Amino acid sequence: MTLFWHCVKNHTDRALALFEVKVHKSWSSDGLETIKEQSQKRLKEKGWDDVRPALSVTVRAWIMKGMLESSLKDGPQAGVHFLKRAIELLEWGRSVWKNVADKDRGTIFQDTFLRSVRTLHLNMYMDAYTTDPGLNSKFPIEHLKEDAEDLLREMSTAKSLGKGEVDPGFASSFCIYPAGTAHAMIGFYHTQIARYSDDLLACISFAKGAKAYMRAAEAYPEDDEYRAWYLSRAMTCMRNARVPIGDFNKVAIDLRKTVPKMMKIWAASALQHSGRDDKIQANLRIADDLMKLVAKGELTLEDPVFS
């Protein structure tokens with residue numbers, strides 16, 4: 001717990017966090033089963049005004065601790081552990097207190113809060129997998145796909161946000177973007193499976209990956225860098241799947257429309273610094289070269305992509 005608190009740079013925030021833990025008697029280091037038992041006992045004895053803030057501080061501390069330790073100490077493995085604990089506690093509370101109003105049990109049990117934590121967990125799990133990739137990874141890639149599909153199922157069955165009830169930013173943050181992340185994780189899963197498969201199965205997996213990345217791209221506005229990035233990832237999968245040139249070029253056309261809009265906002269970003277633009281332009285150049293050969297009559301739109 002020491003690292004967690006020393007990582008809080010702002011002394012006022014650190015003091016406030018320590019104060020909240022002490023005042024609300026949260027469960028900063030207890031196991032899940034202990035928390036489940038004690039929270040129900042405290043609820044009977046002291047009511048929601050006591051338990052609600054204690055659970056809230058506990059969950060939020062785990063999330064922050066996971067994010068801080070994952071970047072400063074043990075890598076994404078630590079983040080996966082703490083975020084998974086938070087998800088398990090939230091899902092348990094939502095089940096046990098499903099008939100309790102949010103104003104009593106707390107906002108941490110709302111759909112949108114859990115969805116945000118699950119989205120963070122997906123990203124961190126993917127990062128953890130990349131530290132130990134392969135079919136025998138300590139972080140099985142199948143779990144990433146299953147969690148992504150669970151998130152999409154939850155969102156498809158969740159109560160829809162009525163028109164006029166929320167602003168577009170809220171809807172994007174808690175409904176649209178989580179779906180985009182989930183589809184992207186499924187795309188990542190298929191590309192990893194392809195790398196460890198024979199030629200035929202690899203082509204099938206890359207084709208599935210392309211489809212998932214296309215679904216992910218559709219979730220983002222035209223000026224968002226992830227729209228362009230996932231379109232490019234889809235094109236990379238399509239190249240490996242050797243899809244028809246015509247299908248490949250259709251995605252290239254969409255990507256060309258997106259890139260100028262993206263650059264107005266996302267000319268500089270972490271993704272850009274990791275090679276985003278070079279990879280996008282490489283795919284666009286391949287599409288250009290293929291279409292020149294089609295124009296010359298040396299290839300047709302039905303011929304498979306090659307690079």
# chains A, B, ... in the order shown; residues from 1 in each chain; ligands from 1

$ residues_around --residues "A:Ala217" --least-positions-apart "3" --cutoff "6 Å" --atoms "only C-alpha atoms" --output "ChimeraX atom specification"
/A:214,220,227,230-231

$ select_by_dssp --residues "stretch 81-222 of chain A" --states "helix (DSSP H, G or I)" --output "PyMOL selection string"
chain A and resi 81-96+102-105+107-109+111-131+141-157+168-195+199-218

$ closest_residue --among "A:Val80, A:Met291, A:Leu55, A:Val100" --to "A:His143" --atoms "only C-alpha atoms"
A:Val80

$ closest_atom_pairs --of "stretch 224-267 of chain A" --to "stretch 168-190 of chain A" --cutoff "12 Å" --atoms "only C-alpha atoms" --output "CSV"
residue,atom,partner,partner_atom,distance
A:Asp224,CA,A:Tyr177,CA,10.8
A:Tyr226,CA,A:Gly180,CA,9.0
A:Arg227,CA,A:Gly180,CA,9.2
A:Trp229,CA,A:Ala184,CA,10.4
A:Tyr230,CA,A:Ala184,CA,7.4
A:Leu231,CA,A:Ala184,CA,10.5
A:Ser232,CA,A:Ala184,CA,12.0
A:Arg233,CA,A:Gly187,CA,8.8
A:Ala234,CA,A:Gly187,CA,8.4
A:Met235,CA,A:Gly187,CA,11.8
A:Thr236,CA,A:Gly187,CA,11.3
A:Cys237,CA,A:Gly187,CA,9.0
A:Met238,CA,A:Gly187,CA,11.7
A:Asn240,CA,A:His190,CA,11.9
A:Ala241,CA,A:His190,CA,11.5

$ closest_residue --among "A:Thr191, A:Ala128, A:Glu33, A:Lys103" --to "A:Tyr213" --atoms "only C-alpha atoms"
A:Thr191

$ closest_residue --among "A:Lys84, A:Lys211, A:Lys46, A:Arg242" --to "A:Asp199" --atoms "only C-alpha atoms"
A:Arg242

$ closest_atom_pairs --of "stretch 201-281 of chain A" --to "stretch 298-304 of chain A" --cutoff "9 Å" --atoms "only C-alpha atoms" --output "Markdown table"
| residue | atom | partner | partner_atom | distance |
| --- | --- | --- | --- | --- |
| A:Arg239 | CA | A:Pro304 | CA | 8.4 |
| A:Ala241 | CA | A:Pro304 | CA | 8.7 |
| A:Arg242 | CA | A:Pro304 | CA | 5.0 |
| A:Val243 | CA | A:Pro304 | CA | 5.2 |
| A:Pro244 | CA | A:Pro304 | CA | 4.3 |
| A:Ile245 | CA | A:Leu301 | CA | 4.9 |
| A:Gly246 | CA | A:Leu301 | CA | 4.5 |
| A:Asp247 | CA | A:Leu301 | CA | 7.9 |
| A:Asn249 | CA | A:Leu301 | CA | 8.8 |

$ residues_around --residues "A:Asp102" --least-positions-apart "5" --cutoff "12 Å" --atoms "only C-alpha atoms" --output "list in words"
Trp48, Arg52, Gly93, Arg94, Trp97, Thr107, Ile108, Phe109, Gln110, Asp111, Thr112 and Phe113 of chain A

$ closest_residue --among "A:Asp104, A:Asp288, A:Glu142, A:Asp147" --to "A:Leu120" --atoms "only C-alpha atoms"
A:Asp147

$ decode --residues "stretch 212-246 of chain A" --atoms "N, CA, C and O atoms" --output "PDB file, in the first residue's frame"
ATOM      1  N   ALA A 212     -13.332  -7.524 -37.089  1.00  0.00           N
ATOM      2  CA  ALA A 212     -13.459  -6.966 -35.742  1.00  0.00           C
ATOM      3  C   ALA A 212     -12.882  -5.552 -35.682  1.00  0.00           C
ATOM      4  O   ALA A 212     -13.468  -4.654 -35.054  1.00  0.00           O
ATOM      5  N   TYR A 213     -11.748  -5.326 -36.319  1.00  0.00           N
ATOM      6  CA  TYR A 213     -11.158  -3.982 -36.319  1.00  0.00           C
ATOM      7  C   TYR A 213     -12.032  -2.980 -37.073  1.00  0.00           C
ATOM      8  O   TYR A 213     -12.098  -1.802 -36.701  1.00  0.00           O
ATOM      9  N   MET A 214     -12.706  -3.446 -38.111  1.00  0.00           N
ATOM     10  CA  MET A 214     -13.640  -2.567 -38.819  1.00  0.00           C
ATOM     11  C   MET A 214     -14.788  -2.162 -37.903  1.00  0.00           C
ATOM     12  O   MET A 214     -15.209  -0.999 -37.891  1.00  0.00           O
ATOM     13  N   ARG A 215     -15.283  -3.119 -37.138  1.00  0.00           N
ATOM     14  CA  ARG A 215     -16.361  -2.816 -36.177  1.00  0.00           C
ATOM     15  C   ARG A 215     -15.861  -1.818 -35.135  1.00  0.00           C
ATOM     16  O   ARG A 215     -16.601  -0.927 -34.709  1.00  0.00           O
ATOM     17  N   ALA A 216     -14.615  -1.990 -34.713  1.00  0.00           N
ATOM     18  CA  ALA A 216     -14.041  -1.070 -33.730  1.00  0.00           C
ATOM     19  C   ALA A 216     -13.943   0.341 -34.307  1.00  0.00           C
ATOM     20  O   ALA A 216     -14.306   1.325 -33.653  1.00  0.00           O
ATOM     21  N   ALA A 217     -13.465   0.457 -35.548  1.00  0.00           N
ATOM     22  CA  ALA A 217     -13.308   1.766 -36.184  1.00  0.00           C
ATOM     23  C   ALA A 217     -14.636   2.494 -36.300  1.00  0.00           C
ATOM     24  O   ALA A 217     -14.708   3.722 -36.122  1.00  0.00           O
ATOM     25  N   GLU A 218     -15.686   1.746 -36.581  1.00  0.00           N
ATOM     26  CA  GLU A 218     -17.011   2.347 -36.758  1.00  0.00           C
ATOM     27  C   GLU A 218     -17.533   3.009 -35.485  1.00  0.00           C
ATOM     28  O   GLU A 218     -18.430   3.858 -35.555  1.00  0.00           O
ATOM     29  N   ALA A 219     -16.983   2.638 -34.344  1.00  0.00           N
ATOM     30  CA  ALA A 219     -17.463   3.187 -33.077  1.00  0.00           C
ATOM     31  C   ALA A 219     -16.968   4.612 -32.834  1.00  0.00           C
ATOM     32  O   ALA A 219     -17.524   5.323 -31.999  1.00  0.00           O
ATOM     33  N   TYR A 220     -15.947   5.033 -33.567  1.00  0.00           N
ATOM     34  CA  TYR A 220     -15.314   6.317 -33.300  1.00  0.00           C
ATOM     35  C   TYR A 220     -15.675   7.369 -34.350  1.00  0.00           C
ATOM     36  O   TYR A 220     -15.910   7.034 -35.512  1.00  0.00           O
ATOM     37  N   PRO A 221     -15.690   8.649 -33.970  1.00  0.00           N
ATOM     38  CA  PRO A 221     -15.934   9.727 -34.939  1.00  0.00           C
ATOM     39  C   PRO A 221     -14.833   9.757 -35.998  1.00  0.00           C
ATOM     40  O   PRO A 221     -13.730   9.244 -35.772  1.00  0.00           O
ATOM     41  N   GLU A 222     -15.103  10.394 -37.116  1.00  0.00           N
ATOM     42  CA  GLU A 222     -14.144  10.429 -38.212  1.00  0.00           C
ATOM     43  C   GLU A 222     -12.850  11.144 -37.854  1.00  0.00           C
ATOM     44  O   GLU A 222     -11.807  10.875 -38.461  1.00  0.00           O
ATOM     45  N   ASP A 223     -12.883  12.058 -36.868  1.00  0.00           N
ATOM     46  CA  ASP A 223     -11.670  12.789 -36.513  1.00  0.00           C
ATOM     47  C   ASP A 223     -10.913  12.177 -35.334  1.00  0.00           C
ATOM     48  O   ASP A 223      -9.916  12.725 -34.867  1.00  0.00           O
ATOM     49  N   ASP A 224     -11.376  11.024 -34.849  1.00  0.00           N
ATOM     50  CA  ASP A 224     -10.693  10.363 -33.742  1.00  0.00           C
ATOM     51  C   ASP A 224      -9.560   9.491 -34.281  1.00  0.00           C
ATOM     52  O   ASP A 224      -9.729   8.769 -35.259  1.00  0.00           O
ATOM     53  N   GLU A 225      -8.397   9.545 -33.623  1.00  0.00           N
ATOM     54  CA  GLU A 225      -7.258   8.795 -34.129  1.00  0.00           C
ATOM     55  C   GLU A 225      -7.491   7.285 -34.115  1.00  0.00           C
ATOM     56  O   GLU A 225      -6.911   6.558 -34.933  1.00  0.00           O
ATOM     57  N   TYR A 226      -8.354   6.816 -33.221  1.00  0.00           N
ATOM     58  CA  TYR A 226      -8.578   5.375 -33.168  1.00  0.00           C
ATOM     59  C   TYR A 226      -9.409   4.872 -34.344  1.00  0.00           C
ATOM     60  O   TYR A 226      -9.326   3.701 -34.699  1.00  0.00           O
ATOM     61  N   ARG A 227     -10.184   5.753 -34.936  1.00  0.00           N
ATOM     62  CA  ARG A 227     -10.889   5.350 -36.152  1.00  0.00           C
ATOM     63  C   ARG A 227      -9.864   5.043 -37.252  1.00  0.00           C
ATOM     64  O   ARG A 227      -9.919   4.002 -37.901  1.00  0.00           O
ATOM     65  N   ALA A 228      -8.939   5.969 -37.444  1.00  0.00           N
ATOM     66  CA  ALA A 228      -7.897   5.762 -38.455  1.00  0.00           C
ATOM     67  C   ALA A 228      -7.009   4.578 -38.100  1.00  0.00           C
ATOM     68  O   ALA A 228      -6.663   3.757 -38.962  1.00  0.00           O
ATOM     69  N   TRP A 229      -6.652   4.480 -36.838  1.00  0.00           N
ATOM     70  CA  TRP A 229      -5.745   3.412 -36.405  1.00  0.00           C
ATOM     71  C   TRP A 229      -6.363   2.033 -36.621  1.00  0.00           C
ATOM     72  O   TRP A 229      -5.703   1.116 -37.145  1.00  0.00           O
ATOM     73  N   TYR A 230      -7.636   1.873 -36.265  1.00  0.00           N
ATOM     74  CA  TYR A 230      -8.262   0.561 -36.411  1.00  0.00           C
ATOM     75  C   TYR A 230      -8.567   0.240 -37.877  1.00  0.00           C
ATOM     76  O   TYR A 230      -8.567  -0.935 -38.269  1.00  0.00           O
ATOM     77  N   LEU A 231      -8.814   1.266 -38.691  1.00  0.00           N
ATOM     78  CA  LEU A 231      -8.948   1.021 -40.128  1.00  0.00           C
ATOM     79  C   LEU A 231      -7.620   0.496 -40.679  1.00  0.00           C
ATOM     80  O   LEU A 231      -7.598  -0.431 -41.511  1.00  0.00           O
ATOM     81  N   SER A 232      -6.529   1.086 -40.224  1.00  0.00           N
ATOM     82  CA  SER A 232      -5.212   0.636 -40.669  1.00  0.00           C
ATOM     83  C   SER A 232      -4.930  -0.785 -40.180  1.00  0.00           C
ATOM     84  O   SER A 232      -4.378  -1.609 -40.930  1.00  0.00           O
ATOM     85  N   ARG A 233      -5.303  -1.071 -38.945  1.00  0.00           N
ATOM     86  CA  ARG A 233      -5.116  -2.431 -38.426  1.00  0.00           C
ATOM     87  C   ARG A 233      -5.943  -3.430 -39.236  1.00  0.00           C
ATOM     88  O   ARG A 233      -5.502  -4.556 -39.510  1.00  0.00           O
ATOM     89  N   ALA A 234      -7.136  -3.016 -39.622  1.00  0.00           N
ATOM     90  CA  ALA A 234      -7.977  -3.884 -40.452  1.00  0.00           C
ATOM     91  C   ALA A 234      -7.295  -4.155 -41.790  1.00  0.00           C
ATOM     92  O   ALA A 234      -7.303  -5.290 -42.291  1.00  0.00           O
ATOM     93  N   MET A 235      -6.686  -3.116 -42.373  1.00  0.00           N
ATOM     94  CA  MET A 235      -5.995  -3.294 -43.648  1.00  0.00           C
ATOM     95  C   MET A 235      -4.813  -4.248 -43.518  1.00  0.00           C
ATOM     96  O   MET A 235      -4.549  -5.062 -44.419  1.00  0.00           O
ATOM     97  N   THR A 236      -4.098  -4.166 -42.410  1.00  0.00           N
ATOM     98  CA  THR A 236      -2.982  -5.088 -42.186  1.00  0.00           C
ATOM     99  C   THR A 236      -3.484  -6.525 -42.116  1.00  0.00           C
ATOM    100  O   THR A 236      -2.875  -7.440 -42.698  1.00  0.00           O
ATOM    101  N   CYS A 237      -4.590  -6.726 -41.429  1.00  0.00           N
ATOM    102  CA  CYS A 237      -5.181  -8.061 -41.362  1.00  0.00           C
ATOM    103  C   CYS A 237      -5.636  -8.525 -42.745  1.00  0.00           C
ATOM    104  O   CYS A 237      -5.457  -9.696 -43.116  1.00  0.00           O
ATOM    105  N   MET A 238      -6.210  -7.622 -43.505  1.00  0.00           N
ATOM    106  CA  MET A 238      -6.687  -7.964 -44.846  1.00  0.00           C
ATOM    107  C   MET A 238      -5.544  -8.367 -45.761  1.00  0.00           C
ATOM    108  O   MET A 238      -5.672  -9.273 -46.595  1.00  0.00           O
ATOM    109  N   ARG A 239      -4.405  -7.693 -45.625  1.00  0.00           N
ATOM    110  CA  ARG A 239      -3.227  -8.072 -46.411  1.00  0.00           C
ATOM    111  C   ARG A 239      -2.809  -9.500 -46.081  1.00  0.00           C
ATOM    112  O   ARG A 239      -2.523 -10.302 -46.974  1.00  0.00           O
ATOM    113  N   ASN A 240      -2.772  -9.825 -44.805  1.00  0.00           N
ATOM    114  CA  ASN A 240      -2.363 -11.164 -44.391  1.00  0.00           C
ATOM    115  C   ASN A 240      -3.389 -12.224 -44.766  1.00  0.00           C
ATOM    116  O   ASN A 240      -3.040 -13.389 -44.977  1.00  0.00           O
ATOM    117  N   ALA A 241      -4.654 -11.816 -44.844  1.00  0.00           N
ATOM    118  CA  ALA A 241      -5.715 -12.746 -45.237  1.00  0.00           C
ATOM    119  C   ALA A 241      -5.825 -12.860 -46.749  1.00  0.00           C
ATOM    120  O   ALA A 241      -6.581 -13.691 -47.257  1.00  0.00           O
ATOM    121  N   ARG A 242      -5.101 -11.991 -47.464  1.00  0.00           N
ATOM    122  CA  ARG A 242      -5.093 -11.987 -48.934  1.00  0.00           C
ATOM    123  C   ARG A 242      -6.504 -11.838 -49.503  1.00  0.00           C
ATOM    124  O   ARG A 242      -6.947 -12.601 -50.364  1.00  0.00           O
ATOM    125  N   VAL A 243      -7.191 -10.811 -49.006  1.00  0.00           N
ATOM    126  CA  VAL A 243      -8.546 -10.527 -49.484  1.00  0.00           C
ATOM    127  C   VAL A 243      -8.466  -9.919 -50.880  1.00  0.00           C
ATOM    128  O   VAL A 243      -7.394  -9.488 -51.327  1.00  0.00           O
ATOM    129  N   PRO A 244      -9.575  -9.832 -51.600  1.00  0.00           N
ATOM    130  CA  PRO A 244      -9.561  -9.193 -52.916  1.00  0.00           C
ATOM    131  C   PRO A 244      -9.114  -7.730 -52.836  1.00  0.00           C
ATOM    132  O   PRO A 244      -9.418  -7.021 -51.877  1.00  0.00           O
ATOM    133  N   ILE A 245      -8.400  -7.295 -53.859  1.00  0.00           N
ATOM    134  CA  ILE A 245      -7.888  -5.925 -53.904  1.00  0.00           C
ATOM    135  C   ILE A 245      -9.014  -4.900 -53.785  1.00  0.00           C
ATOM    136  O   ILE A 245      -8.862  -3.861 -53.124  1.00  0.00           O
ATOM    137  N   GLY A 246     -10.163  -5.185 -54.397  1.00  0.00           N
ATOM    138  CA  GLY A 246     -11.286  -4.251 -54.336  1.00  0.00           C
ATOM    139  C   GLY A 246     -11.753  -4.001 -52.919  1.00  0.00           C
ATOM    140  O   GLY A 246     -12.038  -2.852 -52.534  1.00  0.00           O
TER     141      GLY A 246
END
